[in-house]
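Data block for entry.txt (compact mmCIF, C-alpha atoms and all ligand atoms):
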# COMPACT_ATOMS: atom_id res chain seq x y z
CA MET A 1 -46.96 21.28 2.74
CA THR A 2 -47.33 19.49 6.05
CA ARG A 3 -45.12 17.05 7.91
CA THR A 4 -46.57 13.56 7.37
CA VAL A 5 -45.38 10.12 8.41
CA ARG A 6 -45.06 7.76 5.45
CA PHE A 7 -43.31 4.51 4.60
CA HIS A 8 -41.95 3.49 1.20
CA GLU A 9 -41.51 -0.21 2.03
CA VAL A 10 -43.04 -2.53 4.61
CA GLY A 11 -40.75 -3.43 7.47
CA GLY A 12 -39.66 -2.51 10.99
CA PRO A 13 -40.19 0.85 12.74
CA GLU A 14 -37.20 2.29 10.85
CA VAL A 15 -39.24 2.44 7.61
CA LEU A 16 -41.34 5.30 9.06
CA ARG A 17 -40.23 8.67 7.63
CA LEU A 18 -41.35 12.21 8.33
CA GLU A 19 -41.87 13.91 4.95
CA ASP A 20 -43.35 17.13 3.59
CA VAL A 21 -46.57 16.29 1.77
CA ASP A 22 -49.42 18.44 0.48
CA PRO A 23 -52.55 17.24 2.35
CA GLY A 24 -54.79 18.79 -0.34
CA GLU A 25 -58.34 20.08 0.02
CA PRO A 26 -61.13 17.99 1.56
CA GLY A 27 -63.41 16.35 -1.02
CA PRO A 28 -67.10 15.47 -0.64
CA GLY A 29 -67.78 14.07 2.84
CA GLU A 30 -64.32 14.97 4.09
CA VAL A 31 -62.68 17.51 6.40
CA ARG A 32 -59.10 18.59 6.94
CA ILE A 33 -57.97 18.71 10.53
CA ARG A 34 -54.99 20.28 12.27
CA VAL A 35 -53.83 17.28 14.27
CA GLU A 36 -52.88 17.82 17.92
CA ALA A 37 -52.45 14.24 19.13
CA ILE A 38 -52.47 10.74 17.62
CA GLY A 39 -53.42 7.45 19.25
CA VAL A 40 -50.99 4.67 18.26
CA ASN A 41 -52.66 1.34 17.54
CA ARG A 42 -51.37 -2.21 17.24
CA ALA A 43 -53.06 -2.39 13.86
CA GLU A 44 -50.59 0.25 12.60
CA VAL A 45 -47.60 -1.81 13.72
CA LEU A 46 -49.10 -4.79 11.88
CA PHE A 47 -49.96 -2.78 8.74
CA ARG A 48 -46.47 -1.21 8.62
CA SER A 49 -44.89 -4.66 8.79
CA GLY A 50 -47.27 -6.28 6.27
CA ARG A 51 -49.02 -8.49 8.86
CA TYR A 52 -52.39 -6.71 9.16
CA ILE A 53 -55.78 -8.12 8.11
CA GLU A 54 -55.56 -5.77 5.13
CA PRO A 55 -52.50 -5.52 2.84
CA VAL A 56 -50.65 -2.31 1.99
CA ARG A 57 -52.14 -1.52 -1.43
CA ARG A 58 -49.81 1.30 -2.49
CA LEU A 59 -46.49 2.82 -1.55
CA PRO A 60 -45.58 5.25 -0.18
CA SER A 61 -48.32 4.76 2.38
CA GLY A 62 -49.56 6.89 5.25
CA LEU A 63 -50.69 5.50 8.59
CA GLY A 64 -52.93 6.24 11.56
CA SER A 65 -56.66 6.04 12.27
CA GLU A 66 -57.07 7.79 15.59
CA ALA A 67 -56.40 11.43 16.38
CA ALA A 68 -57.60 14.57 18.09
CA GLY A 69 -57.45 17.98 16.47
CA VAL A 70 -59.31 21.01 15.23
CA ILE A 71 -61.22 21.21 11.93
CA GLU A 72 -59.44 23.51 9.49
CA ALA A 73 -61.54 23.08 6.34
CA VAL A 74 -64.80 21.33 5.48
CA GLY A 75 -65.56 19.73 2.10
CA PRO A 76 -68.95 19.59 0.37
CA GLU A 77 -71.73 17.34 1.67
CA VAL A 78 -70.56 17.46 5.30
CA ALA A 79 -73.26 18.09 7.87
CA GLY A 80 -72.81 18.75 11.58
CA PHE A 81 -69.17 19.86 11.52
CA GLU A 82 -67.54 23.22 10.87
CA ALA A 83 -64.10 24.83 10.92
CA GLY A 84 -62.74 25.59 14.37
CA GLN A 85 -64.46 22.68 16.14
CA ALA A 86 -62.43 20.31 18.33
CA VAL A 87 -62.94 16.72 17.18
CA SER A 88 -61.62 13.20 17.50
CA VAL A 89 -61.06 10.86 14.56
CA VAL A 90 -61.90 7.22 15.29
CA PRO A 91 -60.91 4.06 13.35
CA ALA A 92 -63.58 3.76 10.66
CA PHE A 93 -61.55 3.62 7.44
CA SER A 94 -58.70 1.85 5.71
CA TYR A 95 -55.06 2.95 6.12
CA ASN A 96 -54.92 2.63 2.34
CA ASP A 97 -57.32 5.60 2.10
CA TYR A 98 -56.45 7.98 4.96
CA GLY A 99 -53.60 8.50 7.44
CA MET A 100 -53.68 10.54 10.65
CA TYR A 101 -49.92 10.48 11.40
CA ALA A 102 -49.41 14.08 10.24
CA GLU A 103 -49.59 17.71 11.28
CA ARG A 104 -52.64 18.20 9.05
CA ALA A 105 -54.70 15.38 7.57
CA ILE A 106 -57.81 14.72 5.51
CA ALA A 107 -60.37 12.57 7.33
CA PRO A 108 -63.83 11.30 6.38
CA ALA A 109 -66.52 13.15 8.35
CA SER A 110 -68.11 9.75 9.10
CA ALA A 111 -65.12 9.02 11.38
CA LEU A 112 -65.46 12.23 13.42
CA LEU A 113 -66.82 12.72 16.90
CA HIS A 114 -67.15 16.06 18.66
CA ARG A 115 -64.67 16.22 21.50
CA PRO A 116 -66.62 16.56 24.76
CA ASP A 117 -65.87 19.55 27.04
CA GLY A 118 -63.04 18.80 29.42
CA VAL A 119 -61.42 16.18 27.14
CA ASP A 120 -57.96 17.45 26.14
CA ALA A 121 -56.16 16.49 22.92
CA ILE A 122 -54.20 13.60 24.44
CA SER A 123 -57.30 12.06 25.97
CA GLY A 124 -59.25 12.85 22.80
CA ALA A 125 -56.75 10.76 20.83
CA ALA A 126 -56.60 7.94 23.37
CA VAL A 127 -60.06 7.36 24.72
CA TRP A 128 -62.36 6.46 21.84
CA MET A 129 -60.85 3.43 20.11
CA PRO A 130 -60.43 1.36 23.30
CA TYR A 131 -63.93 2.04 24.61
CA LEU A 132 -65.68 1.80 21.22
CA THR A 133 -63.94 -1.55 20.68
CA ALA A 134 -64.80 -2.87 24.12
CA TYR A 135 -68.39 -1.58 24.11
CA GLY A 136 -69.06 -2.97 20.63
CA ALA A 137 -67.75 -6.42 21.51
CA MET A 138 -69.30 -6.62 24.94
CA VAL A 139 -72.68 -4.96 24.36
CA GLU A 140 -73.61 -4.63 20.67
CA VAL A 141 -72.21 -7.97 19.57
CA GLY A 142 -71.89 -9.88 22.83
CA GLY A 143 -75.05 -8.84 24.70
CA MET A 144 -73.25 -8.88 28.04
CA ARG A 145 -75.37 -8.09 31.10
CA ALA A 146 -75.01 -7.33 34.80
CA GLY A 147 -73.93 -10.38 36.77
CA ASP A 148 -71.98 -11.93 33.87
CA VAL A 149 -68.32 -12.77 34.31
CA ALA A 150 -66.03 -11.29 31.64
CA VAL A 151 -62.50 -12.63 31.31
CA VAL A 152 -60.23 -10.14 29.51
CA ASN A 153 -56.91 -11.37 28.08
CA ALA A 154 -54.01 -8.94 27.34
CA ALA A 155 -55.69 -6.90 30.05
CA SER A 156 -52.99 -4.22 30.20
CA SER A 157 -53.59 -3.22 26.58
CA SER A 158 -55.64 -0.06 26.04
CA VAL A 159 -58.58 -2.16 24.85
CA GLY A 160 -58.16 -4.55 27.78
CA LEU A 161 -58.32 -1.71 30.30
CA ALA A 162 -61.37 -0.21 28.59
CA ALA A 163 -63.00 -3.65 28.72
CA ILE A 164 -62.37 -3.85 32.47
CA HIS A 165 -63.94 -0.40 32.98
CA THR A 166 -66.85 -1.22 30.65
CA ALA A 167 -67.64 -4.52 32.39
CA GLY A 168 -67.56 -2.74 35.74
CA ARG A 169 -69.89 0.01 34.53
CA LEU A 170 -72.37 -2.61 33.27
CA GLY A 171 -72.38 -4.49 36.57
CA ALA A 172 -70.48 -7.46 35.14
CA THR A 173 -67.41 -8.93 36.86
CA PRO A 174 -64.12 -8.26 35.02
CA VAL A 175 -61.40 -10.90 35.44
CA ALA A 176 -58.08 -9.70 34.01
CA VAL A 177 -55.50 -12.01 32.43
CA THR A 178 -51.93 -10.76 32.05
CA ARG A 179 -48.75 -12.64 31.34
CA THR A 180 -46.58 -11.26 34.11
CA ARG A 181 -47.03 -10.44 37.77
CA ALA A 182 -45.50 -6.98 37.16
CA LYS A 183 -48.82 -5.54 35.93
CA ARG A 184 -51.05 -7.30 38.50
CA LEU A 185 -51.44 -4.52 41.08
CA ARG A 186 -52.21 -1.86 38.50
CA LEU A 187 -54.93 -4.05 37.01
CA VAL A 188 -56.56 -4.36 40.43
CA GLU A 189 -56.35 -0.55 40.75
CA GLU A 190 -58.08 -0.26 37.35
CA GLY A 191 -61.03 -2.30 38.62
CA ALA A 192 -60.25 -5.94 37.87
CA ALA A 193 -62.14 -8.11 40.36
CA GLU A 194 -59.45 -10.79 39.95
CA VAL A 195 -56.15 -10.94 38.08
CA ILE A 196 -54.83 -14.20 36.61
CA VAL A 197 -51.12 -14.29 35.74
CA SER A 198 -51.05 -16.63 32.74
CA ASP A 199 -47.29 -17.35 32.93
CA GLU A 200 -47.81 -18.81 36.42
CA GLU A 201 -51.38 -20.08 36.60
CA ASP A 202 -53.74 -22.30 34.62
CA VAL A 203 -56.23 -19.72 33.34
CA ALA A 204 -59.14 -22.13 32.83
CA GLU A 205 -58.69 -23.76 36.26
CA ARG A 206 -58.66 -20.35 37.96
CA VAL A 207 -61.76 -19.14 36.09
CA LEU A 208 -63.65 -22.32 36.94
CA GLU A 209 -62.60 -21.93 40.57
CA LEU A 210 -63.71 -18.26 40.65
CA THR A 211 -67.11 -19.08 39.12
CA GLY A 212 -67.93 -22.14 41.23
CA GLY A 213 -67.25 -24.46 38.28
CA ARG A 214 -69.64 -22.63 35.93
CA GLY A 215 -67.11 -20.84 33.76
CA ALA A 216 -67.26 -17.27 32.44
CA GLU A 217 -70.13 -16.08 30.28
CA TYR A 218 -67.59 -14.16 28.16
CA VAL A 219 -63.91 -14.44 27.35
CA PHE A 220 -62.42 -11.59 25.31
CA ASP A 221 -59.10 -12.46 23.73
CA ALA A 222 -56.58 -10.22 21.96
CA VAL A 223 -53.90 -12.93 21.79
CA ALA A 224 -55.38 -15.87 19.78
CA GLY A 225 -53.03 -18.70 18.71
CA PRO A 226 -52.77 -22.05 20.56
CA GLY A 227 -53.91 -20.44 23.86
CA VAL A 228 -57.55 -20.30 22.70
CA THR A 229 -57.99 -23.98 23.60
CA GLU A 230 -57.27 -23.19 27.25
CA LEU A 231 -59.42 -20.05 27.13
CA ALA A 232 -62.30 -22.06 25.63
CA ARG A 233 -62.20 -24.34 28.69
CA ALA A 234 -62.91 -21.26 30.81
CA VAL A 235 -66.19 -20.44 29.00
CA ALA A 236 -69.53 -21.37 30.59
CA ALA A 237 -71.96 -23.56 28.61
CA GLY A 238 -73.63 -21.30 26.03
CA GLY A 239 -71.01 -18.61 26.63
CA THR A 240 -68.90 -16.69 24.14
CA LEU A 241 -65.20 -16.60 23.30
CA LEU A 242 -64.66 -13.45 21.26
CA LEU A 243 -61.34 -12.83 19.49
CA TRP A 244 -60.51 -9.16 18.88
CA GLY A 245 -56.77 -9.45 18.27
CA ALA A 246 -53.97 -11.85 17.36
CA GLN A 247 -51.00 -10.75 19.47
CA SER A 248 -49.47 -14.23 19.39
CA GLY A 249 -49.10 -14.15 15.61
CA LEU A 250 -49.60 -17.92 15.60
CA PRO A 251 -52.25 -20.06 13.86
CA THR A 252 -55.41 -20.42 15.94
CA PRO A 253 -57.00 -23.86 16.39
CA TYR A 254 -60.77 -24.23 16.53
CA PRO A 255 -61.39 -25.49 20.07
CA GLY A 256 -64.14 -27.97 19.29
CA PHE A 257 -63.72 -31.72 19.10
CA GLU A 258 -60.89 -32.06 21.62
CA LEU A 259 -63.00 -30.27 24.22
CA GLY A 260 -66.02 -32.53 23.60
CA MET A 261 -67.84 -30.13 21.25
CA PRO A 262 -68.96 -27.73 24.00
CA ALA A 263 -71.85 -25.25 23.64
CA LEU A 264 -69.35 -22.54 22.76
CA ASN A 265 -69.93 -19.45 20.64
CA LEU A 266 -66.69 -18.45 18.93
CA ARG A 267 -66.69 -15.04 17.29
CA THR A 268 -64.18 -12.74 15.63
CA TYR A 269 -64.82 -9.01 15.65
CA THR A 270 -63.45 -5.62 14.70
CA VAL A 271 -64.50 -2.18 15.85
CA HIS A 272 -65.42 -1.40 12.23
CA GLU A 273 -68.63 -3.36 12.91
CA ILE A 274 -69.48 -0.36 15.11
CA THR A 275 -67.74 2.63 13.56
CA ARG A 276 -68.94 1.93 10.00
CA ASP A 277 -72.58 1.57 11.10
CA PRO A 278 -74.08 5.00 11.93
CA VAL A 279 -76.77 3.60 14.25
CA ARG A 280 -74.36 1.46 16.28
CA MET A 281 -71.83 4.29 16.26
CA ARG A 282 -74.37 6.72 17.73
CA ARG A 283 -75.18 4.32 20.57
CA ALA A 284 -71.52 3.49 21.21
CA ALA A 285 -70.45 7.15 21.29
CA ALA A 286 -73.29 7.96 23.69
CA PHE A 287 -72.25 5.08 25.97
CA VAL A 288 -68.61 6.20 26.05
CA ALA A 289 -69.52 9.88 26.54
CA SER A 290 -71.77 8.95 29.45
CA GLY A 291 -68.93 6.95 31.05
CA LEU A 292 -66.57 9.91 30.61
CA ARG A 293 -69.08 12.32 32.17
CA ALA A 294 -69.63 10.00 35.12
CA GLY A 295 -65.86 9.67 35.67
CA ALA A 296 -66.06 5.89 35.12
CA PHE A 297 -64.05 6.07 31.87
CA ARG A 298 -60.78 7.86 31.17
CA ALA A 299 -57.77 7.52 28.94
CA VAL A 300 -55.08 5.38 30.53
CA VAL A 301 -52.01 6.83 28.83
CA ASP A 302 -48.77 4.91 29.09
CA ARG A 303 -46.34 7.27 27.28
CA VAL A 304 -46.43 10.31 25.04
CA PHE A 305 -43.91 10.75 22.18
CA PRO A 306 -43.40 13.74 19.84
CA LEU A 307 -44.19 13.15 16.14
CA GLU A 308 -40.45 13.15 15.34
CA GLU A 309 -40.13 10.00 17.48
CA ILE A 310 -42.86 8.00 15.76
CA ALA A 311 -40.49 5.07 15.13
CA GLU A 312 -39.64 5.04 18.84
CA ALA A 313 -43.36 5.00 19.68
CA HIS A 314 -43.79 1.91 17.46
CA ARG A 315 -40.76 0.25 19.07
CA HIS A 316 -42.27 0.90 22.49
CA MET A 317 -45.54 -0.72 21.40
CA GLU A 318 -43.67 -3.76 20.10
CA SER A 319 -41.84 -4.08 23.45
CA ASN A 320 -45.22 -4.98 25.05
CA ALA A 321 -44.03 -3.27 28.23
CA GLN A 322 -46.80 -0.66 28.05
CA PHE A 323 -49.77 -0.31 30.35
CA GLY A 324 -52.48 1.46 28.37
CA LYS A 325 -52.30 3.77 25.42
CA ILE A 326 -49.31 5.17 23.55
CA VAL A 327 -49.93 8.69 22.24
CA VAL A 328 -47.98 10.94 19.87
CA THR A 329 -48.28 14.72 20.07
CA VAL A 330 -47.86 17.04 17.12
N1 LIG B 1 -60.79 -5.95 16.84
C1 LIG B 1 -60.61 -4.64 16.86
O1 LIG B 1 -61.36 -3.88 16.29
C2 LIG B 1 -59.46 -4.09 17.62
C3 LIG B 1 -59.37 -2.73 17.87
C4 LIG B 1 -58.27 -2.28 18.59
C5 LIG B 1 -57.32 -3.17 19.03
N2 LIG B 1 -57.47 -4.48 18.74
C6 LIG B 1 -56.51 -5.47 19.21
O2 LIG B 1 -56.51 -5.45 20.61
C7 LIG B 1 -55.21 -5.73 21.07
C8 LIG B 1 -54.77 -4.63 21.99
O3 LIG B 1 -54.53 -3.49 21.26
P1 LIG B 1 -54.02 -2.17 22.00
O4 LIG B 1 -53.61 -1.22 20.93
O5 LIG B 1 -55.00 -1.78 23.01
O6 LIG B 1 -52.82 -2.70 22.87
P2 LIG B 1 -51.35 -3.10 22.72
O7 LIG B 1 -50.66 -1.99 23.33
O8 LIG B 1 -50.96 -3.57 21.40
O9 LIG B 1 -51.38 -4.41 23.68
C9 LIG B 1 -50.22 -4.81 24.27
C10 LIG B 1 -50.49 -5.91 25.30
O10 LIG B 1 -50.88 -7.13 24.69
C11 LIG B 1 -50.36 -8.22 25.46
N3 LIG B 1 -49.54 -9.05 24.57
C12 LIG B 1 -48.72 -8.64 23.63
N4 LIG B 1 -48.16 -9.68 22.98
C13 LIG B 1 -48.65 -10.78 23.54
C14 LIG B 1 -48.45 -12.17 23.32
N5 LIG B 1 -47.63 -12.63 22.36
N6 LIG B 1 -49.10 -13.03 24.10
C15 LIG B 1 -49.92 -12.57 25.05
N7 LIG B 1 -50.17 -11.26 25.30
C16 LIG B 1 -49.52 -10.39 24.54
C17 LIG B 1 -49.54 -7.64 26.57
O11 LIG B 1 -50.36 -7.60 27.73
P3 LIG B 1 -49.90 -8.27 29.11
O12 LIG B 1 -48.53 -7.74 29.38
O13 LIG B 1 -50.96 -7.79 30.07
O14 LIG B 1 -49.96 -9.73 28.93
C18 LIG B 1 -49.24 -6.23 26.06
O15 LIG B 1 -49.04 -5.28 27.07
C19 LIG B 1 -54.33 -5.90 19.84
O16 LIG B 1 -54.26 -7.27 19.54
C20 LIG B 1 -55.09 -5.18 18.78
O17 LIG B 1 -54.80 -5.66 17.50
C21 LIG B 1 -58.50 -4.94 18.07
Could I get this structure in the form of structure tokens?
Ligand SMILES: NC(=O)c1ccc[n+]([C@@H]2O[C@H](COP(=O)([O-])OP(=O)(O)OC[C@H]3O[C@@H](n4cnc5c(N)ncnc54)[C@H](OP(=O)(O)O)[C@@H]3O)[C@@H](O)[C@H]2O)c1
Amino acid sequence: MTRTVRFHEVGGPEVLRLEDVDPGEPGPGEVRIRVEAIGVNRAEVLFRSGRYIEPVRRLPSGLGSEAAGVIEAVGPEVAGFEAGQAVSVVPAFSYNDYGMYAERAIAPASALLHRPDGVDAISGAAVWMPYLTAYGAMVEVGGMRAGDVAVVNAASSSVGLAAIHTAGRLGATPVAVTRTRAKRLRLVEEGAAEVIVSDEEDVAERVLELTGGRGAEYVFDAVAGPGVTELARAVAAGGTLLLWGAQSGLPTPYPGFELGMPALNLRTYTVHEITRDPVRMRRAAAFVASGLRAGAFRAVVDRVFPLEEIAEAHRHMESNAQFGKIVVTV
């Protein structure tokens, strides 16, 4: 038996319970890992509360798609991994099928990456999802190049910070958007060329000013909702507004007619476009590993909670006070 976080009903953080569950033996294409650290994701808060892009299909349900640990057992038909190896699990599967919030958990081998030398468990649980998400959106899907301007909304989120680092590494210009002035200085320290405080400034006006009236080639938005109309005004002709989250929780208008039908590419995206495609995944992992080796990429960890305080970790995420990644250690 192993301590596992489960919930028996959808709801607030209080529905999360630590229970003794038999993780079982890994089946074909699976491994069992001894979990050392877990990366907490917004998607888990949404799934737990029944607001995710995928419904909870059965109860009780597990949770968690990102972790670092050591392989304990390997099932049949697994190549390239063996017991004793330090690995990271990245989001590549449904919460309805696997859950990493546990002391020991079954994971599909297709979601594993070898943990590079020098990457500890906390970083190993915190570093992949943000950079894989940002790289996939910016490079694989977006085609961003040196000299482009990339506006990043919800910039203090773990994905936002990875997007700032990724743009910088590619020679693009990252412009961070955050709601409050409190996080401004830290965003500059993380490499933002400019920071726009959306509670105080008109985002589109500022972007147009910063780009000599051209607009940004890319706007990456984790907020969605009514604010996309303003963000769309910040996009250069032929540029892209890519939505990778929906923090606002509000319906999102299509910013077309009222803006004069601009030459705007509007795209939604999830990291599964990368992590469920072995070829894209290989390129993305190589890009992130190279950034880690060069010291350009690192886990920006906001707070670490013990597994017993998983509900507290979710409450902290929902406070939106964080700067970077929330991690749980086992
Ligand atoms: N598409 C994908 O595959 C994918 C993968 C991973 C994550 N995501 C999405 O990316 C986003 C960030 O995820 P995360 O886990 O890195 O970070 P997170 O910790 O959930 O992000 C929190 C930040 O989002 C901003 N925010 C929260 N609520 C907001 C609201 N109502 N209006 C405006 N901004 C708000 C705040 O930034 P400021 O204080 O700076 O404003 C806050 O610090 C989430 O929306 C998540 O669902 C998408």
Report task. Please measure the separation of atom CA of A:Arg58 and atom CA of A:Ala125, giving the value in Å to one decimal. Result ->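 Taking atom CA of A:Arg58 and atom CA of A:Ala125, their separation equals 26.1 Å.
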Query raised in the report: Between A:Leu307, A:Ala321, A:Val31, A:Leu63, which is the closest to A:Glu44 once you count all atoms listed in the file?
Result: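 Using all atoms listed in the file, the shortest distance to A:Glu44 belongs to A:Leu63.
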Query - Long-range neighbours of A:Val235 as a list of chain:residue names, 7 Å cut-off, only C-alpha atoms, 6 positions minimum in chain - result: A:Gly215, A:Ala216, A:Glu217, A:Tyr218, A:Val219, A:Leu241
Requested in this report: Can you work out the spacing between atom CA of A:Thr270 and atom N2 of ligand LIG 1 (chain B) in Å, to one decimal?
Outcome: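 Atom-to-atom, atom CA of A:Thr270 and atom N2 of ligand LIG 1 (chain B) are spaced 7.3 Å apart.
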Find the residues near ligand LIG 1 (chain B). Use a cut-off of 7 Å, count all atoms listed in the file, and write them as a PDB file with C-alpha atoms, in the frame of the given file.
ATOM      1  CA  VAL A  40     -50.990   4.670  18.260  1.00  0.00           C
ATOM      2  CA  ASN A  41     -52.660   1.340  17.540  1.00  0.00           C
ATOM      3  CA  ARG A  42     -51.370  -2.210  17.240  1.00  0.00           C
ATOM      4  CA  ALA A  43     -53.060  -2.390  13.860  1.00  0.00           C
ATOM      5  CA  MET A 129     -60.850   3.430  20.110  1.00  0.00           C
ATOM      6  CA  PRO A 130     -60.430   1.360  23.300  1.00  0.00           C
ATOM      7  CA  THR A 133     -63.940  -1.550  20.680  1.00  0.00           C
ATOM      8  CA  ALA A 154     -54.010  -8.940  27.340  1.00  0.00           C
ATOM      9  CA  ALA A 155     -55.690  -6.900  30.050  1.00  0.00           C
ATOM     10  CA  SER A 156     -52.990  -4.220  30.200  1.00  0.00           C
ATOM     11  CA  SER A 157     -53.590  -3.220  26.580  1.00  0.00           C
ATOM     12  CA  SER A 158     -55.640  -0.060  26.040  1.00  0.00           C
ATOM     13  CA  VAL A 159     -58.580  -2.160  24.850  1.00  0.00           C
ATOM     14  CA  GLY A 160     -58.160  -4.550  27.780  1.00  0.00           C
ATOM     15  CA  VAL A 177     -55.500 -12.010  32.430  1.00  0.00           C
ATOM     16  CA  THR A 178     -51.930 -10.760  32.050  1.00  0.00           C
ATOM     17  CA  ARG A 179     -48.750 -12.640  31.340  1.00  0.00           C
ATOM     18  CA  THR A 180     -46.580 -11.260  34.110  1.00  0.00           C
ATOM     19  CA  LYS A 183     -48.820  -5.540  35.930  1.00  0.00           C
ATOM     20  CA  ALA A 222     -56.580 -10.220  21.960  1.00  0.00           C
ATOM     21  CA  VAL A 223     -53.900 -12.930  21.790  1.00  0.00           C
ATOM     22  CA  TRP A 244     -60.510  -9.160  18.880  1.00  0.00           C
ATOM     23  CA  GLY A 245     -56.770  -9.450  18.270  1.00  0.00           C
ATOM     24  CA  ALA A 246     -53.970 -11.850  17.360  1.00  0.00           C
ATOM     25  CA  GLN A 247     -51.000 -10.750  19.470  1.00  0.00           C
ATOM     26  CA  SER A 248     -49.470 -14.230  19.390  1.00  0.00           C
ATOM     27  CA  TYR A 269     -64.820  -9.010  15.650  1.00  0.00           C
ATOM     28  CA  THR A 270     -63.450  -5.620  14.700  1.00  0.00           C
ATOM     29  CA  VAL A 271     -64.500  -2.180  15.850  1.00  0.00           C
ATOM     30  CA  HIS A 272     -65.420  -1.400  12.230  1.00  0.00           C
ATOM     31  CA  MET A 317     -45.540  -0.720  21.400  1.00  0.00           C
ATOM     32  CA  ASN A 320     -45.220  -4.980  25.050  1.00  0.00           C
ATOM     33  CA  ALA A 321     -44.030  -3.270  28.230  1.00  0.00           C
ATOM     34  CA  GLN A 322     -46.800  -0.660  28.050  1.00  0.00           C
ATOM     35  CA  PHE A 323     -49.770  -0.310  30.350  1.00  0.00           C
ATOM     36  CA  GLY A 324     -52.480   1.460  28.370  1.00  0.00           C
ATOM     37  CA  LYS A 325     -52.300   3.770  25.420  1.00  0.00           C
TER      38      LYS A 325
END
Requested in this report: With a distance cut-off of 10 Å and only C-alpha atoms, select the neighbouring residues of A:Leu259, excluding the residue or stretch itself and same-chain residues fewer than 2 positions from it, and output the selection as a PyMOL selection string.
Outcome: chain A and resi 229-230+232-233+255-257+261-262
10 Å contact set for stretch 47-56 of chain A, only C-alpha atoms, chain neighbours under 2 positions out, as a compact mmCIF listing (two decimals) with C-alpha atoms, in the coordinates of the input:
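Result file follows (part_34.txt):
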# COMPACT_ATOMS: atom_id res chain seq x y z
CA ARG A 6 -45.06 7.76 5.45
CA PHE A 7 -43.31 4.51 4.60
CA HIS A 8 -41.95 3.49 1.20
CA GLU A 9 -41.51 -0.21 2.03
CA VAL A 10 -43.04 -2.53 4.61
CA GLY A 11 -40.75 -3.43 7.47
CA GLY A 12 -39.66 -2.51 10.99
CA PRO A 13 -40.19 0.85 12.74
CA VAL A 15 -39.24 2.44 7.61
CA LEU A 16 -41.34 5.30 9.06
CA ARG A 42 -51.37 -2.21 17.24
CA ALA A 43 -53.06 -2.39 13.86
CA GLU A 44 -50.59 0.25 12.60
CA VAL A 45 -47.60 -1.81 13.72
CA ARG A 58 -49.81 1.30 -2.49
CA LEU A 59 -46.49 2.82 -1.55
CA PRO A 60 -45.58 5.25 -0.18
CA SER A 61 -48.32 4.76 2.38
CA GLY A 62 -49.56 6.89 5.25
CA LEU A 63 -50.69 5.50 8.59
CA GLY A 64 -52.93 6.24 11.56
CA SER A 94 -58.70 1.85 5.71
CA TYR A 95 -55.06 2.95 6.12
CA ASN A 96 -54.92 2.63 2.34
CA ALA A 246 -53.97 -11.85 17.36
CA GLY A 249 -49.10 -14.15 15.61
CA HIS A 314 -43.79 1.91 17.46
Requested in this report: Would you work out the distance separating atom CA of A:Leu185 from atom CA of A:Gly212, expressed in Å to one decimal?
Outcome: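 Taking atom CA of A:Leu185 as the start and atom CA of A:Gly212 as the end point, the length is 24.1 Å.
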Query raised in the report: Could you name the residues that touch A:Glu36 at 7 Å or less, counting all atoms listed in the file, but leaving out those on the same chain fewer than 2 positions away, as a count of residues only?
Result: 6
Query raised in the report: Closest to A:Thr240 among A:Ala150, A:Val300, A:Ala107, A:Val70, using all atoms listed in the file?
Result: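 Checking each candidate against A:Thr240, we get A:Ala150 as the closest.
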Requested in this report: Go through A:Val127, A:Ala237, A:Ala192, A:Leu46 one by one, measure the shortest atom-to-atom distance of each to A:Ser88 using only C-alpha atoms, and give the residue with the smallest value.
Outcome: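 When distances to A:Ser88 are compared using only C-alpha atoms, the smallest one comes from A:Val127.
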Query raised in the report: When distances are computed from all atoms listed in the file, which of A:Arg57, A:His316, A:Arg104, A:Arg169 shows the smallest separation from A:Ile33?
Result: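 Selected residue with least distance to A:Ile33: A:Arg104.
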Query raised in the report: Got a sec to check which residues sit within 6 Å of (-46.7, 8.9, 22.1), counting only C-alpha atoms, and write them as a PyMOL selection string?
Result: chain A and resi 303-305+313+326-328
Report task. Please write as a PyMOL selection string the list of polymer residues whose atoms come within 8 Å of (-66.3, -10.0, 30.2), counting all atoms listed in the file and keeping to the coordinates of the file. Result -> chain A and resi 138+144+148-152+163-164+167+172-175+216-220
Query raised in the report: From the set A:Asp221, A:Glu200, A:Arg186, A:Arg115, which residue has the shortest atom-to-atom contact distance to A:Arg267, counting all atoms listed in the file?
Result: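 For A:Arg267, the nearest of the candidates is A:Asp221.
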Report task. Pick out the closest residue to A:Leu18 from this set: A:Arg32, A:Arg3, A:Arg293, A:Arg298. Count all atoms listed in the file. Result -> A:Arg3
Return as AutoDock Vina command-line options the box centre and box size in Å, one decimal, for an axis-aligned box around all listed atoms of stretch 45-61 of chain A padded by 6 Å per side.
--center_x -50.3 --center_y -1.6 --center_z 5.6 --size_x 22.9 --size_y 25.7 --size_z 28.2
